[in-house]
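As C-alpha cells, the structure follows; a few thoughts come after it.
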Amino acid sequence: VIDLILPCNIIFSFMIKFSSKIAQDFMVILIISILIQVFCVILGSVLYNKCSVKRKKCLRYATICSNAGFLGNPIAQGVYGMMGLTLASIYLIPQRIMMWSEGVSVFTEAPTKKEMLKKIFSHPCIIACEIGVVLMLTGWRPPHFLQETITSISNCNTAMSMLVIGMILADADPRTLVDKDVLFYSVIRLIIIPFCVFIPCWMLHIDSLVKGVSVLLAAMPAGATTTILASKYDCEEEFSVKLVVFSTAASLLTTPIWSLILMKI
C-alpha cells in the first residue's frame with residue numbers, strides 16, 4: 001500500500017487543472033500542517049512527564065506521527081473527493097519530514113542531516129508528490145496506458161487501506177486494551193488536537209475544504225510505525241500496540257463525528 005498504491009493515488013490526485021485558487025489552498029494547508037506539527041511536538045514534550053521513560057517515548061512519537069498518511073488519505077478522498085486527496089498530500093509533507101527527524105530522535109539519537117534527507121526524499125509518497133506537482137504545473141499527462149494503470153491502482157487505495165486497518169484491529173484482544181495512559185492519549189490525539197485546529201480555522205474563516213482536510217487529518221489515530229520503532233528500540237512494544245489499536249478503534253467513532261461537525265459548520 002505504501003510503496004505502490006498510495007503513491008499512484010497521490011499522482012492521480014494531482015492530475016487537475018492548476019489555478020491561483022489551488023496555489024493559495026496549497027500554501028494555506030502547508031502552513032497549517034507545519035503549525036500542527038510544532039504544536040504536537042510541544043504537546044508530546046509536556047503532557048507525559050508522569051509516565052515511565054519508555055512509555056513516554058511511545059506517547060511522544062504517537063503524538064507527533066499520527067496515521068494521517070495511511071488512513072487519512074482515503075478518508076479525505078471519501079469525504080471531500082479528489083481535491084481533498086490533493087490537499088491531504090500537501091498536508092502530509094511536514095509530517096513525513098517530522099517522522100524521519102524529530103520522530104525517530106524520540107527513540108534514539110537524532111539522525112544525521114544526510115540520513116534524514118535521504119529518508120525524506122526517498123520516501124515513495126514524497127516522490128509521488130514531486131511527480132504530481134510537475135504534472136499539475138506543466139499540464140502534461142502520461143501515455144494513455146500508463147494513465148489508466150495509475151488510475152486503476154489508485155482506485156484500490158481506500159479498500160486496501162481499510163483491509164490493513166481491519167487486520168490490525170482483528171489481532172487485538174479488546175480485554176487487554178483498557179489503560180489510563182492509552183485513554184488519555186486517545187483523547188488528546190482524537191479530540192483535543194483536532195479541536196485546537198478547528199477553532200482557529202473557524203475563527204479565521206479558512207476555506208471550508210482546507211479546514212475540513214486539516215481537521216480530519218489532525219484527528220487521525222497513532223501511526224503503526226509507533227509499534228515498529230518501539231519494538232526495535234525495546235520501548236514497551238505491548239503498550240505501543242495498545243496505543244495503535246485502541247486509538248484506531250476509537251477513531252471509527254470520532255472521525256464520523258468530526259465529519260458531521262465540519263459539514264454543518
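Within each chain, counting starts at residue 1; across the C-alpha cells, chains are named A, B, ... in the order shown, with ligands numbered 1 upward in that order.
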* To do: Show which residues sit within 9 Å of segment 103-106 of chain A, as a VMD selection string. Count only C-alpha atoms, and ignore same-chain residues fewer than 4 positions away.
  => chain A and resid 41 57 to 58 60 to 62 64 to 65 97 to 99 110 to 111 229
Using only C-alpha atoms, which residues of segment 110-160 of chain A come within 10 Å of segment 73-88 of chain A, and what is the closest atom pair for each, with the distance in Å to one decimal? Give it as a Markdown table, sorted by chain and residue number.
```
| residue | atom | partner | partner_atom | distance |
| --- | --- | --- | --- | --- |
| A:Cys129 | CA | A:Thr86 | CA | 9.1 |
| A:Gly132 | CA | A:Thr86 | CA | 9.2 |
| A:Val133 | CA | A:Thr86 | CA | 9.9 |
| A:Asn155 | CA | A:Pro74 | CA | 9.9 |
| A:Cys156 | CA | A:Pro74 | CA | 9.9 |
| A:Asn157 | CA | A:Pro74 | CA | 6.7 |
| A:Thr158 | CA | A:Pro74 | CA | 4.9 |
| A:Ala159 | CA | A:Pro74 | CA | 8.6 |
| A:Met160 | CA | A:Pro74 | CA | 9.7 |
```
Writer output for current selection, all heavy atoms, as a short mmCIF file (atom, residue, chain, number, x, y, z; two decimals), in the first residue's frame:
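Below is the file part_17.cif, written as the result:
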```cif
data_model
loop_
_atom_site.label_atom_id
_atom_site.label_comp_id
_atom_site.auth_asym_id
_atom_site.auth_seq_id
_atom_site.Cartn_x
_atom_site.Cartn_y
_atom_site.Cartn_z
N CYS A 129 4.51 13.01 -4.67
CA CYS A 129 4.11 14.42 -4.59
C CYS A 129 4.90 15.25 -5.60
O CYS A 129 4.33 16.13 -6.28
CB CYS A 129 4.33 14.96 -3.18
SG CYS A 129 3.06 14.48 -1.99
N GLY A 132 3.62 14.49 -9.02
CA GLY A 132 2.28 15.05 -9.16
C GLY A 132 2.30 16.55 -9.37
O GLY A 132 1.56 17.09 -10.21
N VAL A 133 3.15 17.27 -8.62
CA VAL A 133 3.26 18.73 -8.78
C VAL A 133 3.73 19.08 -10.19
O VAL A 133 3.22 20.02 -10.82
CB VAL A 133 4.20 19.32 -7.72
CG1 VAL A 133 4.53 20.77 -8.03
CG2 VAL A 133 3.56 19.22 -6.33
N ASN A 155 -7.42 3.51 -7.49
CA ASN A 155 -8.77 3.18 -7.02
C ASN A 155 -8.79 2.08 -5.96
O ASN A 155 -9.81 1.87 -5.31
CB ASN A 155 -9.65 2.76 -8.21
CG ASN A 155 -9.97 3.94 -9.12
OD1 ASN A 155 -9.94 5.09 -8.69
ND2 ASN A 155 -10.27 3.66 -10.37
N CYS A 156 -7.66 1.38 -5.80
CA CYS A 156 -7.57 0.33 -4.78
C CYS A 156 -7.25 0.89 -3.40
O CYS A 156 -7.31 0.15 -2.40
CB CYS A 156 -6.46 -0.68 -5.15
SG CYS A 156 -6.72 -1.54 -6.71
N ASN A 157 -6.89 2.17 -3.32
CA ASN A 157 -6.33 2.71 -2.08
C ASN A 157 -7.26 2.58 -0.88
O ASN A 157 -6.87 2.07 0.18
CB ASN A 157 -5.96 4.18 -2.28
CG ASN A 157 -5.28 4.76 -1.06
OD1 ASN A 157 -4.30 4.22 -0.58
ND2 ASN A 157 -5.81 5.87 -0.55
N THR A 158 -8.50 3.04 -1.02
CA THR A 158 -9.42 3.03 0.12
C THR A 158 -9.67 1.60 0.61
O THR A 158 -9.56 1.31 1.81
CB THR A 158 -10.76 3.69 -0.26
OG1 THR A 158 -10.52 5.05 -0.65
CG2 THR A 158 -11.73 3.67 0.92
N ALA A 159 -9.96 0.70 -0.32
CA ALA A 159 -10.27 -0.68 0.07
C ALA A 159 -9.07 -1.36 0.74
O ALA A 159 -9.21 -1.98 1.79
CB ALA A 159 -10.70 -1.48 -1.17
N MET A 160 -7.89 -1.22 0.16
CA MET A 160 -6.71 -1.89 0.71
C MET A 160 -6.31 -1.29 2.06
O MET A 160 -5.91 -2.00 2.97
CB MET A 160 -5.55 -1.79 -0.28
CG MET A 160 -5.75 -2.59 -1.55
SD MET A 160 -6.04 -4.35 -1.25
CE MET A 160 -4.50 -4.83 -0.49
#
```
* **DSSP helix (DSSP H, G or I) selection over segment 68-145 of chain A, as a ChimeraX atom specification** => /A:68-107,113-121,124-138,144-145
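Closest approach to Thr255 of chain A among A:Lys118, A:Lys232, A:Arg189, A:Arg141: A:Arg189, based on only C-alpha atoms.
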Using only C-alpha atoms, which residues sit within 9 Å of Val244 of chain A once same-chain residues fewer than 5 positions away are excluded, as a PDB file with N, CA and C atoms, in the first residue's frame?
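Contents of the output file result_16.pdb:
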```
ATOM      1  N   ALA A  62       3.810   8.901  19.070  1.00  0.00           N
ATOM      2  CA  ALA A  62       2.447   8.744  18.564  1.00  0.00           C
ATOM      3  C   ALA A  62       1.710  10.086  18.483  1.00  0.00           C
ATOM      4  N   ASN A  67      -1.477   8.478  12.099  1.00  0.00           N
ATOM      5  CA  ASN A  67      -1.688   7.601  10.945  1.00  0.00           C
ATOM      6  C   ASN A  67      -2.331   8.362   9.782  1.00  0.00           C
ATOM      7  N   ILE A 168      -5.234  -5.025  11.624  1.00  0.00           N
ATOM      8  CA  ILE A 168      -4.620  -4.540  12.876  1.00  0.00           C
ATOM      9  C   ILE A 168      -5.606  -4.704  14.037  1.00  0.00           C
ATOM     10  N   PRO A 221      -5.580   8.537  14.299  1.00  0.00           N
ATOM     11  CA  PRO A 221      -5.009   7.811  15.448  1.00  0.00           C
ATOM     12  C   PRO A 221      -3.497   7.635  15.346  1.00  0.00           C
ATOM     13  N   ALA A 222      -2.936   6.911  16.282  1.00  0.00           N
ATOM     14  CA  ALA A 222      -1.488   6.656  16.300  1.00  0.00           C
ATOM     15  C   ALA A 222      -1.061   5.866  15.066  1.00  0.00           C
ATOM     16  N   GLY A 223       0.107   6.209  14.533  1.00  0.00           N
ATOM     17  CA  GLY A 223       0.615   5.521  13.361  1.00  0.00           C
ATOM     18  C   GLY A 223       1.194   4.157  13.713  1.00  0.00           C
ATOM     19  N   ALA A 224       1.111   3.216  12.774  1.00  0.00           N
ATOM     20  CA  ALA A 224       1.622   1.860  13.001  1.00  0.00           C
ATOM     21  C   ALA A 224       3.130   1.846  13.227  1.00  0.00           C
ATOM     22  N   THR A 226       4.672   3.501  15.238  1.00  0.00           N
ATOM     23  CA  THR A 226       4.904   3.571  16.696  1.00  0.00           C
ATOM     24  C   THR A 226       5.310   2.202  17.227  1.00  0.00           C
ATOM     25  N   THR A 227       4.579   1.190  16.816  1.00  0.00           N
ATOM     26  CA  THR A 227       4.870  -0.175  17.263  1.00  0.00           C
ATOM     27  C   THR A 227       6.180  -0.686  16.683  1.00  0.00           C
ATOM     28  N   PHE A 239       2.634  -2.041  25.021  1.00  0.00           N
ATOM     29  CA  PHE A 239       1.929  -0.776  25.246  1.00  0.00           C
ATOM     30  C   PHE A 239       1.721  -0.027  23.934  1.00  0.00           C
ATOM     31  N   ALA A 249      -9.359   2.033  16.789  1.00  0.00           N
ATOM     32  CA  ALA A 249     -10.750   1.616  17.016  1.00  0.00           C
ATOM     33  C   ALA A 249     -11.611   2.808  17.432  1.00  0.00           C
TER      34      ALA A 249
END
```
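Taking only C-alpha atoms into account, Leu137 of chain A lies nearest to A:Ala23 out of the set A:Asn9, A:Ala23, A:Tyr233, A:Leu253.
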For the interface of segment 136-207 of chain A with segment 212-220 of chain A (cut-off 7 Å, counting only C-alpha atoms), please tabulate each contacting residue of segment 136-207 of chain A alongside its nearest pair of atoms and their separation in Å to one decimal, rows sorted by chain and increasing number, as CSV.
```
residue,atom,partner,partner_atom,distance
A:Arg189,CA,A:Ala219,CA,6.3
A:Leu190,CA,A:Ala219,CA,4.7
A:Ile191,CA,A:Ala219,CA,6.8
A:Ile193,CA,A:Ala218,CA,6.5
A:Pro194,CA,A:Ala218,CA,5.1
A:Val197,CA,A:Val215,CA,6.0
A:Phe198,CA,A:Val215,CA,5.9
```
Go ahead and dump the residues you just picked, N, CA, C and O atoms, as a JSON list (two decimals), in the first residue's frame.
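So the final result, stored in result.json, reads:
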```json
[["chain", "number", "residue", "atom", "x", "y", "z"],
["A", 189, "ARG", "N", -5.22, 12.84, 21.10],
["A", 189, "ARG", "CA", -4.98, 12.65, 19.67],
["A", 189, "ARG", "C", -6.25, 12.81, 18.83],
["A", 189, "ARG", "O", -6.21, 13.41, 17.74],
["A", 190, "LEU", "N", -7.37, 12.30, 19.33],
["A", 190, "LEU", "CA", -8.59, 12.25, 18.53],
["A", 190, "LEU", "C", -9.57, 13.39, 18.78],
["A", 190, "LEU", "O", -10.44, 13.65, 17.95],
["A", 191, "ILE", "N", -9.42, 14.09, 19.93],
["A", 191, "ILE", "CA", -10.37, 15.15, 20.27],
["A", 191, "ILE", "C", -9.68, 16.50, 20.46],
["A", 191, "ILE", "O", -10.04, 17.49, 19.81],
["A", 193, "ILE", "N", -6.45, 17.67, 19.87],
["A", 193, "ILE", "CA", -5.65, 18.22, 18.77],
["A", 193, "ILE", "C", -6.53, 18.72, 17.62],
["A", 193, "ILE", "O", -6.37, 19.85, 17.17],
["A", 194, "PRO", "N", -7.49, 17.90, 17.11],
["A", 194, "PRO", "CA", -8.34, 18.44, 16.04],
["A", 194, "PRO", "C", -9.19, 19.63, 16.48],
["A", 194, "PRO", "O", -9.45, 20.54, 15.68],
["A", 197, "VAL", "N", -7.22, 22.66, 16.17],
["A", 197, "VAL", "CA", -7.07, 23.04, 14.76],
["A", 197, "VAL", "C", -8.36, 23.68, 14.26],
["A", 197, "VAL", "O", -8.35, 24.70, 13.56],
["A", 198, "PHE", "N", -9.48, 23.10, 14.65],
["A", 198, "PHE", "CA", -10.79, 23.56, 14.17],
["A", 198, "PHE", "C", -11.10, 24.99, 14.59],
["A", 198, "PHE", "O", -11.54, 25.81, 13.76]]
```
* **All residues 8 Å or closer to Cys125 of chain A, only C-alpha atoms, same chain fewer than 5 positions away omitted, as a PyMOL selection string** => chain A and resi 2-3+6-7+10
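Nearest-residue note for Gly72 of chain A: choosing from A:Ile192, A:Met162, A:Leu35, A:Val241, the minimum distance belongs to A:Met162, counting only C-alpha atoms.
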Shell around Ile16 of chain A at 9 Å using only C-alpha atoms, local window under 2 positions removed, as an mmCIF file with all heavy atoms, in the first residue's frame:
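Contents of around-v2.cif, freshly written:
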```cif
data_model
loop_
_atom_site.group_PDB
_atom_site.id
_atom_site.type_symbol
_atom_site.label_atom_id
_atom_site.label_comp_id
_atom_site.auth_asym_id
_atom_site.auth_seq_id
_atom_site.Cartn_x
_atom_site.Cartn_y
_atom_site.Cartn_z
ATOM 1 N N PHE A 12 -2.322 10.470 -9.087
ATOM 2 C CA PHE A 12 -3.628 10.639 -9.719
ATOM 3 C C PHE A 12 -4.345 11.879 -9.189
ATOM 4 O O PHE A 12 -5.005 12.608 -9.944
ATOM 5 C CB PHE A 12 -4.473 9.390 -9.464
ATOM 6 C CG PHE A 12 -5.873 9.469 -9.996
ATOM 7 C CD1 PHE A 12 -6.111 9.559 -11.359
ATOM 8 C CD2 PHE A 12 -6.967 9.473 -9.139
ATOM 9 C CE1 PHE A 12 -7.408 9.644 -11.860
ATOM 10 C CE2 PHE A 12 -8.258 9.551 -9.625
ATOM 11 C CZ PHE A 12 -8.482 9.637 -10.990
ATOM 12 N N SER A 13 -4.195 12.149 -7.885
ATOM 13 C CA SER A 13 -4.892 13.295 -7.277
ATOM 14 C C SER A 13 -4.385 14.630 -7.804
ATOM 15 O O SER A 13 -5.095 15.636 -7.747
ATOM 16 C CB SER A 13 -4.759 13.246 -5.751
ATOM 17 O OG SER A 13 -3.446 13.613 -5.336
ATOM 18 N N PHE A 14 -3.136 14.671 -8.295
ATOM 19 C CA PHE A 14 -2.573 15.914 -8.804
ATOM 20 C C PHE A 14 -2.907 16.162 -10.280
ATOM 21 O O PHE A 14 -2.524 17.199 -10.832
ATOM 22 C CB PHE A 14 -1.048 15.913 -8.628
ATOM 23 C CG PHE A 14 -0.594 16.344 -7.257
ATOM 24 C CD1 PHE A 14 -0.347 15.400 -6.267
ATOM 25 C CD2 PHE A 14 -0.419 17.685 -6.943
ATOM 26 C CE1 PHE A 14 0.069 15.778 -5.001
ATOM 27 C CE2 PHE A 14 -0.008 18.078 -5.682
ATOM 28 C CZ PHE A 14 0.242 17.116 -4.704
ATOM 29 N N PHE A 18 -4.373 23.392 -12.840
ATOM 30 C CA PHE A 18 -3.803 24.294 -11.839
ATOM 31 C C PHE A 18 -4.426 25.682 -11.945
ATOM 32 O O PHE A 18 -4.778 26.149 -13.022
ATOM 33 C CB PHE A 18 -2.291 24.400 -12.039
ATOM 34 C CG PHE A 18 -1.590 25.154 -10.954
ATOM 35 C CD1 PHE A 18 -1.523 24.661 -9.666
ATOM 36 C CD2 PHE A 18 -0.999 26.385 -11.221
ATOM 37 C CE1 PHE A 18 -0.880 25.364 -8.652
ATOM 38 C CE2 PHE A 18 -0.353 27.094 -10.224
ATOM 39 C CZ PHE A 18 -0.289 26.579 -8.938
ATOM 40 N N MET A 82 -11.555 14.234 -4.933
ATOM 41 C CA MET A 82 -10.179 14.257 -5.406
ATOM 42 C C MET A 82 -9.403 15.472 -4.918
ATOM 43 O O MET A 82 -8.207 15.383 -4.625
ATOM 44 C CB MET A 82 -10.162 14.205 -6.944
ATOM 45 C CG MET A 82 -8.828 13.771 -7.521
ATOM 46 S SD MET A 82 -8.196 12.245 -6.769
ATOM 47 C CE MET A 82 -9.500 11.098 -7.161
ATOM 48 N N MET A 83 -10.057 16.623 -4.804
ATOM 49 C CA MET A 83 -9.366 17.809 -4.310
ATOM 50 C C MET A 83 -8.991 17.638 -2.843
ATOM 51 O O MET A 83 -7.934 18.112 -2.405
ATOM 52 C CB MET A 83 -10.253 19.052 -4.477
ATOM 53 C CG MET A 83 -9.498 20.357 -4.262
ATOM 54 S SD MET A 83 -8.095 20.529 -5.389
ATOM 55 C CE MET A 83 -7.153 21.795 -4.551
ATOM 56 N N LEU A 135 3.326 17.299 -12.943
ATOM 57 C CA LEU A 135 2.218 17.029 -13.868
ATOM 58 C C LEU A 135 1.170 18.132 -13.806
ATOM 59 O O LEU A 135 0.631 18.553 -14.831
ATOM 60 C CB LEU A 135 1.575 15.677 -13.535
ATOM 61 C CG LEU A 135 2.407 14.419 -13.786
ATOM 62 C CD1 LEU A 135 1.633 13.177 -13.352
ATOM 63 C CD2 LEU A 135 2.790 14.301 -15.254
ATOM 64 N N MET A 136 0.886 18.607 -12.595
ATOM 65 C CA MET A 136 -0.132 19.643 -12.422
ATOM 66 C C MET A 136 0.321 20.970 -13.015
ATOM 67 O O MET A 136 -0.447 21.658 -13.704
ATOM 68 C CB MET A 136 -0.462 19.817 -10.946
ATOM 69 C CG MET A 136 -1.578 20.812 -10.667
ATOM 70 S SD MET A 136 -1.971 20.922 -8.903
ATOM 71 C CE MET A 136 -0.436 21.555 -8.255
ATOM 72 N N GLY A 139 0.846 20.491 -16.990
ATOM 73 C CA GLY A 139 -0.319 20.058 -17.745
ATOM 74 C C GLY A 139 -0.070 18.803 -18.565
ATOM 75 O O GLY A 139 -0.976 18.308 -19.239
#
```
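Among the candidate residues A:Ile206, A:Val187, A:Ile120, A:Ile265, the one lying nearest to Ser247 of chain A is A:Val187, with distances computed using only C-alpha atoms.
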* **Nearest to Pro124 of chain A, chosen from A:Ile42, A:Leu243, A:Ile11, A:Met27, with only C-alpha atoms counted in the distances** => A:Ile11
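Atom pair atom CA of Ile32 of chain A / atom CA of Ile93 of chain A: separated by 11.6 Å.
Of the listed residues A:Leu262, A:Ala250, A:Leu163, A:Ala230, the one whose atoms come nearest to Leu183 of chain A is A:Ala250, with distances taken using only C-alpha atoms.
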